[in-house]
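Worksheet for the structure shown next.
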Amino acid sequence: MKRILHVFTILFFAHFSATAQLANGTVLDETIVSLDINDNTVDLFAMLDDGKAVVVDVFATWCGPCWTLHNSGLLEGIYEEYGPNGTDQIRVVAAESDADTTLDDLFGTGTNTVGDWTEGVSYNIVDDAAWATYFGITYYPSIFIVRPNRTVVHMYGDELRANILNTDFWDRALGVAGLEDDIYLLGSVESKAACDAFDLTQEVQVINLGTAPVTSAELGLYVNGELNQTIEISESIDVFGLANVSAADIAITESSLISVLPQSVNGNAIDQANADGIEGNLYLPVVTDNSFVLRVITDFYALETSGAVLADDGTEIFTFGGYAAGTEDQFGGGGPDANVTHEYTVELPWPQVDVECLTIRLDDSYGDGFPYHDPAIHDTPGIEIVDNAGNVLKPVIEDPNWGATTTVETAAMAAASNTIDTEIVTNIAISPNPVSDVLRVEFTSNTASNLYIQVMNSIGQVVDTRIVNATTGLNTLNIEVYTFDSGIYSLTTKSDAGITNTKFVVTK
């Protein structure tokens with residue numbers, strides 16, 4: 001199926017009180033019948049008994065997220081492809097289910113509507129609050145698929161909402177893919193950057209999208225493309241039923257790509273070339289410079305965005321934000337800073353501040369994260385950390401609906417990971433002192449190591465930073481100082497034991 005959707009990411013909904021919502025896998029035992037706005041009879045069971053899967057969109061005319069979904073053309077595209085004028089495998093019903101709205105609202109001429117809900121729609125539209133009660137919905141929009149065997153799945157439920165724009169997922173949930181044994185992995189491998197090795201506990205949720213119960217299944221967990229372990233599923237999963245499984249803990253000691261793929265269902269092997277799974281990157285990088293590049297990608301409401309880079313003790317060493325408001329709506333949407341990548345070079349204030357492990361804090365003043373972007377034309381909003389060589393240390397956050405604040409551990413350990421240990425490096429000597437041309441630095445190293453050396457002037461400005469590949473024994477380093485202004489300088493080293501400074505004078 002090929003459909004291009006130009007739509008803001010759909011992650012929000014309007015709540016209201018109602019009866020208990022139907023659970024995924026529920027088998028309906030009685031039908032619902034209504035007249036559509038053209039006086040045609042819409043009988044759910046009659047459509048199912050005709051062998052059609054039915055998509056039901058329960059909405060309200062005043063609901064903004066419902067309107068976003070309507071304008072995306074998602075359901076119309078599915079109906080055109082699989083409806084009566086396509087493969088004739090499905091039907092679609094849009095049910096306006098707020099008893100307080102009117103037909104005028106449906107046609108966009110009433111007082112409780114955001115537009116004309118009939119425009120661009122060729123499937124049935126009903127104006128009947130009974131559909132909300134029938135499915136027991138608790139928020140708008142609520143979108144369901146009902147298979148011909150009368151089994152229901154809530155496509156806009158908490159577990160499945162992230163797949164709402166995934167056309168492959170729709171094909172398989174509708175049953176048009178014709179797969180008897182079909183499991184689909186939900187959720188994700190959370191992309192994470194950490195400053196130290198850690199244990200990964202990977203949980204996976206599986207939904208049965210086939211046409212028969214799943215009695216057994218196997219998932220493969222891969223680390224950097226190599227099979228790490230097989231996850232067994234022994235419980236029975238009914239059609240549209242869910243199962244939660246966990247892998248054994250994995251020790252992450254280096255940057256790794258983690259993948260989870262289905263391997264077999266009901267004893268039948270799945271072709272790995274066509275397997276749909278989940279994956280994510282875990283980062284344990286080392287920055288070899290005392291600066292890095294921070295990219296802040298805003299959504300439609302850039303004015304709400306701000307944040308800071310925090311040192312180990314919580315000290316803010318860099319802040320960002322203050323983006324311009326737009327004029328495209330009353331909330332300041334749009335403008336020159338909206339849906340734009342803002343790039344900053346962040347200098348680490350080493351050794352004045354401990355920067356062994358940095359944290360990026362991202363704030364949203366409205367409290368709804370970064371949901372407003374068009375994935376067809378905009379980069380995914382979030383923050384990205386890149387070293388000076390262009391290596392990604394932390395990719396853009398995966399969940400745009402993070403609320404008022406979120407933090408990311410960057411693993412940008414520039415100073416700490418390349419520092420001089422005073423138990424390894426001894427007998428530091430410099431000559432000549434005063435110096436006008438080349439400063440000679442001698443030290444003894446008890447082992448081969450990468451060492452970090454920094455030179456600062458009298459007002460704390462860093463004028464030279466370098467990594468030294470020291471060998472065991474006596475080492476010599478030459479630092480050209482003829483471009484330095486006259487004055488007092490310090491050659492600084494850092495270790496777990498503390499910071500050491502060796503003074504020297506530059507004269508002209």
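For the structure tokens, the naming scheme is as follows: chains receive sequential letters (A, B, ...) according to their order of presentation, residues are indexed from 1 within each chain, and ligands are indexed from 1 in presentation order.
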
In range 262-408 of chain A, DSSP helix (DSSP H, G or I) residues written as a PDB file with N, CA and C atoms, in the first residue's frame:
```pdb
ATOM      1  N   GLN A 272      13.191 -13.837   7.988  1.00  0.00           N
ATOM      2  CA  GLN A 272      13.786 -12.683   8.661  1.00  0.00           C
ATOM      3  C   GLN A 272      13.934 -11.478   7.740  1.00  0.00           C
ATOM      4  N   ALA A 273      13.996 -11.732   6.437  1.00  0.00           N
ATOM      5  CA  ALA A 273      14.098 -10.606   5.500  1.00  0.00           C
ATOM      6  C   ALA A 273      12.821  -9.776   5.487  1.00  0.00           C
ATOM      7  N   ASN A 274      11.709 -10.384   5.892  1.00  0.00           N
ATOM      8  CA  ASN A 274      10.426  -9.684   5.882  1.00  0.00           C
ATOM      9  C   ASN A 274       9.871  -9.465   7.284  1.00  0.00           C
ATOM     10  N   ALA A 302       7.691  27.074  18.811  1.00  0.00           N
ATOM     11  CA  ALA A 302       9.073  27.255  19.248  1.00  0.00           C
ATOM     12  C   ALA A 302       9.170  28.146  20.480  1.00  0.00           C
ATOM     13  N   LEU A 303       8.260  29.103  20.616  1.00  0.00           N
ATOM     14  CA  LEU A 303       8.336  30.038  21.740  1.00  0.00           C
ATOM     15  C   LEU A 303       8.234  29.331  23.091  1.00  0.00           C
ATOM     16  N   GLU A 304       7.696  28.097  23.113  1.00  0.00           N
ATOM     17  CA  GLU A 304       7.531  27.367  24.375  1.00  0.00           C
ATOM     18  C   GLU A 304       8.800  26.637  24.794  1.00  0.00           C
TER      19      GLU A 304
END
```

Sorted by chain and rising residue number, list the residues of range 154-195 of chain A at most 9 Å from range 137-145 of chain A (counting only C-alpha atoms), each with its closest atom pair and distance in Å to one decimal, as a Markdown table.
```
| residue | atom | partner | partner_atom | distance |
| --- | --- | --- | --- | --- |
| A:His154 | CA | A:Phe144 | CA | 4.5 |
| A:Met155 | CA | A:Phe144 | CA | 5.4 |
| A:Tyr156 | CA | A:Ile143 | CA | 5.4 |
| A:Gly157 | CA | A:Ser142 | CA | 7.5 |
| A:Ala173 | CA | A:Ile145 | CA | 7.4 |
| A:Leu174 | CA | A:Ile145 | CA | 6.7 |
```

Store the residues picked out above in a file with C-alpha atoms, as a compact mmCIF listing (two decimals), in the first residue's frame.
```txt
# COMPACT_ATOMS: atom_id res chain seq x y z
CA HIS A 154 -8.97 -0.23 19.43
CA MET A 155 -6.56 1.35 16.92
CA TYR A 156 -6.31 4.58 18.94
CA GLY A 157 -5.80 2.88 22.28
CA ALA A 173 -4.91 -5.21 11.50
CA LEU A 174 -7.62 -5.02 8.84
```

**Report entry** Close residues, Arg150 in chain A itself excluded, 9 Å, only C-alpha atoms, min 6 positions apart in chain, as a PyMOL selection string
**Finding:** chain A and resi 26-29+45+48-49+53

Pull C-alpha atoms from the residues just selected and write them as a PDB file, in the first residue's frame.
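In the end it all went to out_33.pdb:
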```
ATOM      1  CA  THR A  26     -13.589  -8.514  22.548  1.00  0.00           C
ATOM      2  CA  VAL A  27     -16.046 -10.498  20.407  1.00  0.00           C
ATOM      3  CA  LEU A  28     -19.240  -8.513  19.854  1.00  0.00           C
ATOM      4  CA  ASP A  29     -22.505 -10.311  20.558  1.00  0.00           C
ATOM      5  CA  PHE A  45     -23.257  -6.996  11.751  1.00  0.00           C
ATOM      6  CA  LEU A  48     -19.425  -8.134   8.969  1.00  0.00           C
ATOM      7  CA  ASP A  49     -21.626 -10.997   7.799  1.00  0.00           C
ATOM      8  CA  ALA A  53     -13.799  -5.719   8.056  1.00  0.00           C
TER       9      ALA A  53
END
```

Requested in this report: Name the residues in contact with Tyr323 in chain A at a cut-off of 10 Å, using only C-alpha atoms, excluding same-chain residues fewer than 3 positions from it; report them as a list in words.
Outcome: Thr298, Tyr301, Ala302, Leu303, Glu304, Thr305, Ser306, Phe320, Gly326, Gly335, Pro336, Asp337, Ala338 and His342 of chain A

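Excluding Gly120 in chain A and any residue on its chain fewer than 2 positions from it, the residues at most 10 Å away by only C-alpha atoms are His70, Asn71, Gly73, Glu76, Asp116, Trp117, Thr118, Ser122 and Tyr123 of chain A.
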
Query - Spatial neighbours of Phe240 in chain A, 9 Å, only C-alpha atoms, chain gap at least 6 places, as a PyMOL selection string - result: chain A and resi 24-26+151-153+173+207-211+213

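Using only C-alpha atoms for every distance, the candidate list A:Pro395, A:Pro148, A:Gly314, A:Gly333 yields A:Pro148 as the residue closest to Val54 in chain A.
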